[in-house]
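Chemist: Sharing protein-v4.txt here; it has compact mmCIF, C-alpha atoms.
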# COMPACT_ATOMS: atom_id res chain seq x y z
CA MET A 271 -186.85 -12.52 42.06
CA PRO A 272 -188.77 -9.86 40.13
CA GLY A 273 -189.28 -10.41 36.41
CA LYS A 274 -187.66 -8.45 33.63
CA VAL A 275 -189.43 -6.42 30.97
CA LEU A 276 -187.72 -5.29 27.81
CA ILE A 277 -188.95 -2.16 26.08
CA VAL A 278 -188.14 -2.50 22.40
CA ILE A 279 -187.93 0.84 20.63
CA PRO A 280 -187.47 0.60 16.87
CA CYS A 281 -185.98 3.86 15.62
CA TYR A 282 -185.35 5.37 12.25
CA ASN A 283 -184.19 8.99 12.40
CA GLU A 284 -185.71 9.72 15.81
CA GLU A 285 -183.02 11.96 17.34
CA ALA A 286 -185.68 14.66 17.86
CA SER A 287 -188.08 12.62 19.98
CA LEU A 288 -185.67 10.42 21.98
CA PRO A 289 -184.38 13.10 24.41
CA SER A 290 -187.86 13.56 25.86
CA LEU A 291 -188.95 9.92 25.55
CA LEU A 292 -185.99 8.12 27.14
CA PRO A 293 -185.76 9.91 30.52
CA GLU A 294 -189.52 9.54 30.95
CA LEU A 295 -189.35 5.87 30.03
CA LEU A 296 -186.39 5.00 32.24
CA SER A 297 -187.99 6.66 35.26
CA THR A 298 -191.26 4.76 34.81
CA THR A 299 -192.01 2.28 37.56
CA LEU A 300 -193.66 -0.93 36.47
CA PRO A 301 -196.21 -2.89 38.52
CA ASN A 302 -195.23 -5.95 40.61
CA GLY A 303 -191.62 -4.81 40.85
CA TYR A 304 -190.83 -5.67 37.25
CA GLN A 305 -187.40 -4.48 36.16
CA LEU A 306 -187.34 -2.32 33.05
CA GLU A 307 -184.66 -2.30 30.39
CA ALA A 308 -184.92 -0.22 27.25
CA VAL A 309 -183.30 -1.25 24.02
CA ILE A 310 -183.11 1.06 21.04
CA ILE A 311 -183.01 -0.70 17.71
CA ASN A 312 -181.37 1.80 15.43
CA ASP A 313 -182.49 0.78 11.95
CA CYS A 314 -179.56 2.37 10.11
CA SER A 315 -180.69 5.95 10.86
CA LYS A 316 -179.12 8.76 8.92
CA ASP A 317 -179.14 11.10 11.93
CA ASN A 318 -177.63 10.84 15.42
CA THR A 319 -180.22 8.45 16.84
CA SER A 320 -177.58 6.04 18.08
CA ALA A 321 -175.43 8.67 19.84
CA VAL A 322 -178.45 10.41 21.38
CA ALA A 323 -179.77 7.11 22.74
CA LYS A 324 -176.36 6.12 24.18
CA LYS A 325 -176.12 9.50 25.90
CA HIS A 326 -179.37 8.69 27.69
CA ASN A 327 -178.04 5.34 28.96
CA ALA A 328 -180.19 3.10 26.81
CA THR A 329 -178.90 -0.13 25.32
CA VAL A 330 -178.44 0.49 21.62
CA ILE A 331 -178.40 -2.12 18.89
CA ASP A 332 -177.21 -0.69 15.59
CA LEU A 333 -178.41 -2.61 12.56
CA PRO A 334 -175.79 -2.63 9.81
CA VAL A 335 -178.43 -2.38 7.08
CA ASN A 336 -181.95 -0.97 7.07
CA LEU A 337 -184.36 -3.83 7.77
CA GLY A 338 -187.62 -1.95 8.09
CA ILE A 339 -189.86 -1.83 11.15
CA GLY A 340 -190.57 -5.58 11.25
CA GLY A 341 -186.94 -6.62 11.05
CA ALA A 342 -186.02 -4.03 13.68
CA VAL A 343 -188.72 -5.14 16.11
CA GLN A 344 -187.72 -8.75 15.58
CA THR A 345 -184.13 -7.88 16.49
CA GLY A 346 -185.41 -6.55 19.81
CA ILE A 347 -187.54 -9.65 20.31
CA ARG A 348 -184.50 -11.83 19.69
CA TYR A 349 -182.57 -9.78 22.24
CA ALA A 350 -185.38 -10.46 24.71
CA LEU A 351 -185.18 -14.18 23.96
CA ASP A 352 -181.37 -14.33 24.25
CA ASN A 353 -181.37 -12.41 27.53
CA ASP A 354 -184.23 -14.27 29.14
CA PHE A 355 -186.81 -11.52 29.52
CA ASP A 356 -190.30 -12.29 30.78
CA MET A 357 -191.95 -9.77 28.50
CA ALA A 358 -191.08 -7.52 25.63
CA ILE A 359 -193.06 -4.40 24.87
CA GLN A 360 -192.75 -2.61 21.57
CA LEU A 361 -192.90 1.14 21.97
CA ASP A 362 -192.47 3.38 18.94
CA GLY A 363 -189.63 5.86 19.03
CA ASP A 364 -191.67 8.81 17.77
CA GLY A 365 -193.32 9.59 21.09
CA GLN A 366 -196.80 8.33 20.11
CA HIS A 367 -196.80 5.76 22.89
CA PRO A 368 -196.54 7.43 26.29
CA PRO A 369 -194.42 5.37 28.75
CA GLY A 370 -197.02 6.18 31.41
CA GLU A 371 -199.34 3.71 29.67
CA LEU A 372 -196.95 0.77 30.06
CA PRO A 373 -198.40 -0.44 33.39
CA LYS A 374 -201.81 -0.79 31.72
CA LEU A 375 -200.40 -3.32 29.25
CA ILE A 376 -198.54 -5.26 31.93
CA ASN A 377 -201.51 -5.32 34.30
CA HIS A 378 -203.77 -6.47 31.50
CA HIS A 379 -201.36 -9.29 30.69
CA LEU A 380 -201.15 -10.31 34.35
CA GLN A 381 -204.91 -10.27 34.73
CA THR A 382 -205.94 -12.02 31.52
CA GLY A 383 -202.89 -14.14 30.76
CA ALA A 384 -203.00 -12.99 27.13
CA ASN A 385 -199.84 -13.77 25.16
CA ILE A 386 -200.14 -10.58 23.13
CA VAL A 387 -201.56 -7.37 24.57
CA ILE A 388 -202.25 -4.52 22.16
CA GLY A 389 -202.53 -0.96 23.35
CA SER A 390 -205.57 0.39 21.55
CA ARG A 391 -206.59 3.96 20.84
CA PHE A 392 -210.16 3.08 20.00
CA ILE A 393 -211.60 1.22 22.96
CA GLU A 394 -211.97 4.45 24.85
CA LYS A 395 -211.91 7.24 22.33
CA LYS A 396 -209.38 9.41 24.09
CA GLY A 397 -206.21 11.13 22.97
CA PHE A 398 -204.81 11.14 19.46
CA GLN A 399 -207.18 9.37 17.04
CA SER A 400 -205.33 9.70 13.72
CA SER A 401 -206.72 11.12 10.47
CA PHE A 402 -210.00 10.12 8.79
CA ALA A 403 -208.43 8.12 5.93
CA ARG A 404 -206.25 6.30 8.38
CA ARG A 405 -209.17 5.40 10.60
CA MET A 406 -210.99 4.06 7.54
CA GLY A 407 -207.98 1.87 6.80
CA ILE A 408 -207.93 0.70 10.39
CA LYS A 409 -211.64 -0.18 10.13
CA TYR A 410 -210.90 -2.21 7.03
CA PHE A 411 -208.18 -4.15 8.84
CA HIS A 412 -210.50 -4.68 11.76
CA TRP A 413 -212.92 -6.35 9.38
CA LEU A 414 -210.22 -8.36 7.62
CA ASN A 415 -208.73 -9.51 10.91
CA ARG A 416 -212.09 -10.62 12.20
CA LEU A 417 -212.56 -12.59 9.01
CA MET A 418 -209.23 -14.36 9.35
CA THR A 419 -208.73 -14.71 13.07
CA GLY A 420 -212.26 -14.49 14.40
CA LEU A 421 -210.99 -11.87 16.83
CA SER A 422 -212.31 -8.38 17.16
CA ILE A 423 -209.16 -6.29 17.32
CA TYR A 424 -209.97 -2.62 16.96
CA ASP A 425 -206.47 -1.25 16.66
CA SER A 426 -204.71 -3.93 14.65
CA THR A 427 -202.19 -1.46 13.24
CA SER A 428 -201.11 -0.33 16.70
CA GLY A 429 -197.43 -0.88 17.33
CA PHE A 430 -197.83 -0.55 21.09
CA ARG A 431 -197.89 -4.19 22.11
CA LEU A 432 -196.69 -6.60 24.73
CA PHE A 433 -195.24 -10.03 23.97
CA ASP A 434 -195.00 -12.66 26.68
CA ARG A 435 -192.44 -15.51 26.66
CA LYS A 436 -194.48 -17.66 24.30
CA ALA A 437 -195.01 -14.79 21.89
CA ILE A 438 -191.32 -13.84 22.13
CA ALA A 439 -190.31 -17.36 21.15
CA LEU A 440 -192.67 -17.35 18.19
CA ALA A 441 -191.93 -13.83 16.95
CA SER A 442 -188.17 -14.27 17.12
CA ALA A 443 -188.53 -17.09 14.59
CA ASN A 444 -191.35 -15.71 12.51
CA TYR A 445 -192.17 -12.03 12.23
CA PRO A 446 -193.11 -10.17 9.03
CA ASP A 447 -190.68 -7.52 7.70
CA GLU A 448 -192.74 -4.81 6.19
CA TYR A 449 -195.84 -3.34 7.88
CA PRO A 450 -195.91 -6.25 10.34
CA GLU A 451 -198.67 -5.18 12.73
CA PRO A 452 -201.90 -6.55 11.19
CA GLU A 453 -200.18 -9.50 9.54
CA SER A 454 -198.45 -10.68 12.70
CA LEU A 455 -201.84 -10.95 14.40
CA VAL A 456 -202.85 -13.59 11.86
CA VAL A 457 -199.57 -15.43 12.50
CA PHE A 458 -200.07 -15.30 16.28
CA SER A 459 -203.69 -16.33 16.27
CA LYS A 460 -202.94 -19.26 13.95
CA ALA A 461 -200.25 -20.39 16.38
CA GLY A 462 -202.91 -20.43 19.08
CA LEU A 463 -201.69 -17.44 21.08
CA LYS A 464 -204.21 -15.42 23.01
CA ILE A 465 -204.48 -11.82 21.81
CA SER A 466 -206.15 -9.12 23.84
CA GLU A 467 -206.59 -5.37 23.62
CA VAL A 468 -206.42 -2.76 26.33
CA ALA A 469 -207.37 0.90 26.11
CA VAL A 470 -204.47 3.36 26.10
CA VAL A 471 -204.14 7.03 25.29
CA MET A 472 -201.76 7.87 22.46
CA ALA A 473 -200.18 11.15 21.48
CA ALA A 474 -199.52 12.57 18.02
CA ARG A 475 -195.98 11.89 16.87
CA GLN A 476 -193.45 14.39 18.18
CA GLY A 477 -190.88 14.24 15.45
CA GLY A 478 -189.90 12.33 12.35
CA GLN A 479 -192.26 11.04 9.70
CA SER A 480 -194.71 8.17 9.54
CA SER A 481 -193.47 5.18 7.60
CA ILE A 482 -196.81 5.15 5.77
CA ARG A 483 -197.39 8.30 3.76
CA SER A 484 -199.94 9.34 1.12
CA PHE A 485 -198.57 7.48 -1.92
CA GLY A 486 -197.76 4.41 0.03
CA SER A 487 -201.12 3.96 1.72
CA LEU A 488 -202.79 2.11 -1.15
CA TYR A 489 -199.76 -0.09 -1.51
CA TYR A 490 -199.87 -0.60 2.25
CA CYS A 491 -203.48 -1.81 2.19
CA PHE A 492 -202.86 -4.09 -0.75
CA LYS A 493 -199.59 -5.54 0.49
CA VAL A 494 -200.88 -6.13 4.00
CA SER A 495 -204.09 -7.75 2.74
CA LEU A 496 -202.08 -10.07 0.54
CA ALA A 497 -199.63 -10.88 3.33
CA MET A 498 -202.47 -11.54 5.77
CA PHE A 499 -204.14 -13.85 3.30
CA PHE A 500 -200.99 -15.88 2.77
CA SER A 501 -200.28 -16.03 6.48
CA PHE A 502 -203.83 -17.23 6.86
CA ILE A 503 -203.51 -20.14 4.42
CA ARG A 504 -199.95 -21.03 5.47
CA LYS A 505 -199.67 -24.06 7.70
CA PRO A 506 -198.49 -23.01 11.15
CA MET B 217 -175.86 -25.09 -44.97
CA LEU B 218 -177.88 -21.86 -44.92
CA ARG B 219 -176.23 -18.59 -43.99
CA ILE B 220 -178.66 -18.07 -41.07
CA GLN B 221 -177.73 -21.48 -39.68
CA ILE B 222 -174.06 -20.60 -39.67
CA ILE B 223 -174.80 -17.29 -37.91
CA THR B 224 -176.88 -18.91 -35.13
CA ILE B 225 -174.32 -21.65 -34.61
CA VAL B 226 -171.46 -19.15 -34.32
CA VAL B 227 -173.46 -16.93 -31.96
CA ASN B 228 -174.34 -19.98 -29.90
CA ILE B 229 -170.76 -21.10 -29.56
CA LEU B 230 -169.71 -17.59 -28.53
CA PHE B 231 -172.50 -17.58 -25.95
CA VAL B 232 -171.38 -20.91 -24.48
CA LEU B 233 -167.80 -19.67 -24.34
CA TYR B 234 -168.89 -16.51 -22.53
CA ILE B 235 -170.90 -18.52 -19.97
CA SER B 236 -167.91 -20.82 -19.41
CA ARG B 237 -165.67 -17.83 -18.92
CA LEU B 238 -168.06 -16.36 -16.34
CA ILE B 239 -168.13 -19.66 -14.45
CA VAL B 240 -164.36 -20.07 -14.57
CA LYS B 241 -163.83 -16.54 -13.26
CA GLY B 242 -166.29 -17.26 -10.45
CA LYS B 243 -168.75 -14.59 -11.55
CA LEU B 244 -171.56 -17.03 -12.29
CA ARG B 245 -172.55 -19.90 -10.07
CA GLU B 246 -173.11 -23.20 -11.83
CA GLU B 247 -176.69 -23.59 -10.65
CA TYR B 248 -177.66 -20.37 -12.42
CA ALA B 249 -175.69 -21.35 -15.50
CA ILE B 250 -177.69 -24.54 -16.05
CA VAL B 251 -180.67 -22.73 -17.55
CA TRP B 252 -178.43 -20.82 -19.97
CA VAL B 253 -176.63 -23.95 -21.04
CA ILE B 254 -179.96 -25.68 -21.70
CA CYS B 255 -181.09 -22.69 -23.78
CA THR B 256 -178.00 -22.85 -25.94
CA VAL B 257 -178.38 -26.60 -26.40
CA PHE B 258 -181.94 -26.01 -27.65
CA LEU B 259 -180.83 -23.29 -30.03
CA LEU B 260 -177.97 -25.40 -31.28
CA VAL B 261 -180.18 -28.43 -31.93
CA PHE B 262 -182.66 -26.38 -33.92
CA SER B 263 -179.93 -24.59 -35.87
CA PHE B 264 -178.70 -27.91 -37.21
CA TRP B 265 -182.09 -29.62 -37.45
CA THR B 266 -184.25 -27.12 -39.37
CA GLU B 267 -187.07 -29.58 -39.98
CA GLY B 268 -187.43 -29.98 -36.21
CA LEU B 269 -189.22 -26.67 -35.81
CA GLU B 270 -191.64 -27.53 -38.62
CA LEU B 271 -192.31 -30.89 -36.93
CA LEU B 272 -193.03 -29.22 -33.56
CA ARG B 273 -195.26 -26.67 -35.28
CA ARG B 274 -197.39 -29.44 -36.81
CA LEU B 275 -197.47 -31.35 -33.52
CA THR B 276 -198.71 -28.37 -31.49
CA GLY B 277 -201.03 -27.05 -34.18
CA VAL B 278 -199.47 -23.57 -34.26
CA VAL B 279 -200.02 -21.83 -37.62
CA VAL B 280 -196.80 -19.80 -37.85
CA ALA B 281 -193.61 -21.48 -36.63
CA ALA B 282 -192.15 -18.16 -35.43
CA ASN B 283 -195.02 -17.81 -32.93
CA LEU B 284 -194.10 -21.13 -31.40
CA VAL B 285 -190.53 -19.93 -30.88
CA PHE B 286 -191.67 -16.65 -29.30
CA THR B 287 -194.26 -18.27 -27.04
CA GLY B 288 -191.80 -20.92 -25.91
CA PHE B 289 -189.07 -18.43 -25.14
CA ILE B 290 -191.31 -15.87 -23.43
CA PHE B 291 -192.66 -18.62 -21.21
CA ALA B 292 -189.16 -19.84 -20.38
CA ILE B 293 -188.07 -16.27 -19.59
CA LEU B 294 -191.08 -15.74 -17.28
CA ILE B 295 -190.29 -18.92 -15.39
CA TYR B 296 -186.68 -17.88 -15.06
CA LEU B 297 -187.68 -14.43 -13.79
CA LEU B 298 -189.87 -16.05 -11.18
CA HIS B 299 -186.96 -18.22 -10.16
CA LEU B 300 -184.82 -15.09 -9.78
CA SER B 301 -187.51 -13.52 -7.55
CA VAL B 302 -187.36 -16.62 -5.38
CA VAL B 303 -183.58 -16.31 -5.19
CA ALA B 304 -183.90 -12.62 -4.28
CA SER B 305 -186.45 -13.44 -1.55
CA LYS B 306 -184.16 -16.05 -0.07
CA LEU B 307 -181.25 -13.62 -0.10
CA HIS B 308 -183.47 -11.01 1.54
CA ASN B 309 -184.31 -13.39 4.40
CA ASP B 310 -180.73 -14.57 4.84
CA ASN B 311 -179.54 -10.99 4.80
CA LYS B 312 -182.04 -10.00 7.48
CA LYS B 313 -180.94 -12.86 9.72
CA LEU B 314 -177.29 -11.96 9.27
CA ALA B 315 -177.89 -8.27 9.98
CA GLN B 316 -179.78 -9.13 13.17
CA GLU B 317 -177.13 -11.58 14.29
CA ILE B 318 -174.31 -9.09 13.67
CA SER B 319 -176.05 -6.26 15.52
CA LEU B 320 -176.86 -8.49 18.51
CA LEU B 321 -173.30 -9.83 18.65
CA LYS B 322 -171.85 -6.34 18.42
CA GLU B 323 -174.00 -5.20 21.33
CA GLU B 324 -172.93 -8.20 23.43
CA PHE B 325 -169.29 -7.64 22.53
CA ASN B 326 -169.46 -3.97 23.56
CA LYS B 327 -171.04 -4.96 26.87
CA HIS B 328 -168.21 -7.40 27.59
CA LEU B 329 -165.64 -4.82 26.56
CA GLU B 330 -167.10 -2.28 29.00
CA LYS B 331 -167.06 -4.88 31.77
CA THR B 332 -163.41 -5.77 31.25
CA GLU B 333 -162.40 -2.11 31.11
CA LYS B 334 -163.94 -1.44 34.52
Rewrite the coordinates I just gave you, this time as structure tokens.
Modeler:
Amino acid sequence: MPGKVLIVIPCYNEEASLPSLLPELLSTTLPNGYQLEAVIINDCSKDNTSAVAKKHNATVIDLPVNLGIGGAVQTGIRYALDNDFDMAIQLDGDGQHPPGELPKLINHHLQTGANIVIGSRFIEKKGFQSSFARRMGIKYFHWLNRLMTGLSIYDSTSGFRLFDRKAIALASANYPDEYPEPESLVVFSKAGLKISEVAVVMAARQGGQSSIRSFGSLYYCFKVSLAMFFSFIRKP
Amino acid sequence: MLRIQIITIVVNILFVLYISRLIVKGKLREEYAIVWVICTVFLLVFSFWTEGLELLRRLTGVVVAANLVFTGFIFAILIYLLHLSVVASKLHNDNKKLAQEISLLKEEFNKHLEKTEK
């Protein structure tokens, strides 16, 4: 029996990008005959995200209150756990993560047996590379992550990542709420999961707004550093 | 008895009555009321026992008794604020879990509903 892969798409006001993303995603064929199911986690959007997603035959989970990206992703992970999926892949709803890159993540997982596979923009410098300030921030987190986990993860803020069964079980119990990407890596590596990166090509977002904007970026760096530190000293 | 003593005692009694009323009406949970009751007990003790403050002042080596009162209360307030942050964090986590559970259940329910309609 072929395995099942859940594509978790956290969405906040993404009605503009879903109509192009969903048909492309649902027609993607995965390697090794893996079955694909897409679940939209609608994080209390103010627009028609939920209706648009339902029209495109995706499973939609409507959160009754806004939980932020971490809480939304965790909802999808819990869905994967409850419904016995072999893998869950987070794919952002803004169109930055092309569904065509999904097989790369799955193949990398199958080849290396890594529990977490991160789709990275920076291994091969192709496609959308983000702004200068943002890349500086990403460099800083690369350094901080290496300090705390001993791993060299180039794109630790990337939200394009695969969770295997072990990672699903862990993340459904323990996943940070706000800006979870770099912090969760500390959590995973402390739990002894194997984290690996694979090169993917990303696009610039097609609609909506980034959750991290100018004023928030300093707060972002500070909050994430603090959260990473406390995850680091916390007993697993 | 000094006039100021009478004022503090009256204010204190009114405060205790108000706290009791809040608890009775179910607007204040007992565990959060404890700290307020302790505060009033302290105030009440020192309103009757005026030499007590002077004694504490000499014991701690503080020059002006009023400073001792302010320092003590500011510290108590800080601790209580921290406690409230802990309560808020716990509520935040519980709330997240509930929201996730509800949304997952709703999705499952809708799926079953669709199946039975077919």
Chemist: Near chain A, which residues of chain B fall within 8 Å when you count all atoms listed in the file, and what do they look like as a ChimeraX atom specification?
Modeler: /B:312,315-316,318-320,322-323
Chemist: Set the distance at 12 Å and use all atoms listed in the file: which residues neighbour Tyr234 (chain B) once local chain neighbours fewer than 2 positions away are removed? I'd like the list as a list in words.
Modeler: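 Those residues are Val227, Asn228, Ile229, Leu230, Phe231, Val232, Ser236, Arg237, Leu238, Ile239, Val240, Lys241, Lys243, Leu244, Ala249, Trp252, Val253 and Thr256 of chain B.
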Chemist: Using all atoms listed in the file for the distances, tell me which of A:Ile388, A:Leu276, A:Ala321, A:Val309 is nearest to His367 (chain A).
Modeler: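 Closest to His367 (chain A) of all the choices is A:Ile388.
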Chemist: Rank nothing, just name the residue among B:Ser305, B:Val251, B:His328, B:Gly268 nearest to Ile293 (chain B), using all atoms listed in the file.
Modeler: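 That would be B:Val251, the residue with the smallest distance to Ile293 (chain B).
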Chemist: Up to 9 Å from (-185.8, 6.3, 13.4) in the file's coordinates: name the residues, counting only C-alpha atoms, as an mmCIF file with C-alpha atoms, in the frame of the given file.
Modeler:
data_model
loop_
_atom_site.group_PDB
_atom_site.id
_atom_site.type_symbol
_atom_site.label_atom_id
_atom_site.label_comp_id
_atom_site.auth_asym_id
_atom_site.auth_seq_id
_atom_site.Cartn_x
_atom_site.Cartn_y
_atom_site.Cartn_z
ATOM 1 C CA PRO A 280 -187.470 0.600 16.870
ATOM 2 C CA CYS A 281 -185.980 3.860 15.620
ATOM 3 C CA TYR A 282 -185.350 5.370 12.250
ATOM 4 C CA ASN A 283 -184.190 8.990 12.400
ATOM 5 C CA GLU A 284 -185.710 9.720 15.810
ATOM 6 C CA GLU A 285 -183.020 11.960 17.340
ATOM 7 C CA ILE A 311 -183.010 -0.700 17.710
ATOM 8 C CA ASN A 312 -181.370 1.800 15.430
ATOM 9 C CA ASP A 313 -182.490 0.780 11.950
ATOM 10 C CA CYS A 314 -179.560 2.370 10.110
ATOM 11 C CA SER A 315 -180.690 5.950 10.860
ATOM 12 C CA LYS A 316 -179.120 8.760 8.920
ATOM 13 C CA ASP A 317 -179.140 11.100 11.930
ATOM 14 C CA THR A 319 -180.220 8.450 16.840
ATOM 15 C CA GLY A 363 -189.630 5.860 19.030
ATOM 16 C CA ASP A 364 -191.670 8.810 17.770
ATOM 17 C CA GLY A 478 -189.900 12.330 12.350
ATOM 18 C CA GLN A 479 -192.260 11.040 9.700
#
Chemist: Find the residues near Phe262 (chain B): any atom within 12 Å, counting only C-alpha atoms, skip ones fewer than 3 places away on the same chain, and give them as a VMD selection string.
Modeler: chain B and resid 220 to 222 224 to 225 228 255 to 259 265 to 272 285
Chemist: Grab the residues selected above and save them as a compact mmCIF listing (two decimals), in the coordinates of the input with C-alpha atoms.
Modeler:
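The result, written out as again10.txt:
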# COMPACT_ATOMS: atom_id res chain seq x y z
CA ILE B 220 -178.66 -18.07 -41.07
CA GLN B 221 -177.73 -21.48 -39.68
CA ILE B 222 -174.06 -20.60 -39.67
CA THR B 224 -176.88 -18.91 -35.13
CA ILE B 225 -174.32 -21.65 -34.61
CA ASN B 228 -174.34 -19.98 -29.90
CA CYS B 255 -181.09 -22.69 -23.78
CA THR B 256 -178.00 -22.85 -25.94
CA VAL B 257 -178.38 -26.60 -26.40
CA PHE B 258 -181.94 -26.01 -27.65
CA LEU B 259 -180.83 -23.29 -30.03
CA TRP B 265 -182.09 -29.62 -37.45
CA THR B 266 -184.25 -27.12 -39.37
CA GLU B 267 -187.07 -29.58 -39.98
CA GLY B 268 -187.43 -29.98 -36.21
CA LEU B 269 -189.22 -26.67 -35.81
CA GLU B 270 -191.64 -27.53 -38.62
CA LEU B 271 -192.31 -30.89 -36.93
CA LEU B 272 -193.03 -29.22 -33.56
CA VAL B 285 -190.53 -19.93 -30.88
Chemist: Can you tell me how far CA of Val275 (chain A) sits from CA of Thr382 (chain A), in Å to one decimal?
Modeler: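 According to the coordinates, CA of Val275 (chain A) and CA of Thr382 (chain A) are separated by 17.4 Å.
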Chemist: Taking (-192.3, -2.9, 35.3) in the file's coordinates as the center, which residues reach within 8 Å of it, counting only C-alpha atoms, put as a list in words?
Modeler: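 The answer, in the requested form, is Lys274, Val275, Thr298, Thr299, Leu300, Pro301, Asn302, Gly303, Tyr304, Gln305, Leu306, Leu372, Pro373 and Ile376 of chain A.
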Chemist: So that I can see what lies close to Leu291 (chain A), please list as a count of residues only the residues with an atom at most 9 Å from it, counting all atoms listed in the file and leaving out residues fewer than 4 positions away in the same chain.
Modeler: 8
Chemist: Expressed in Å to a single decimal, how great is the separation between CA of Arg405 (chain A) and CA of Glu451 (chain A)?
Modeler: 15.1 Å
Chemist: Record the distance separating CA of Arg435 (chain A) and CA of Glu467 (chain A), expressed in Å with one decimal.
Modeler: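 One can read the CA of Arg435 (chain A) to CA of Glu467 (chain A) distance as 17.7 Å.
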Chemist: Identify which of the residues A:His326, A:Ile277, A:Ala441, A:Leu417 lies closest to Leu375 (chain A), counting only C-alpha atoms when measuring atom-to-atom distances.
Modeler: A:Ile277
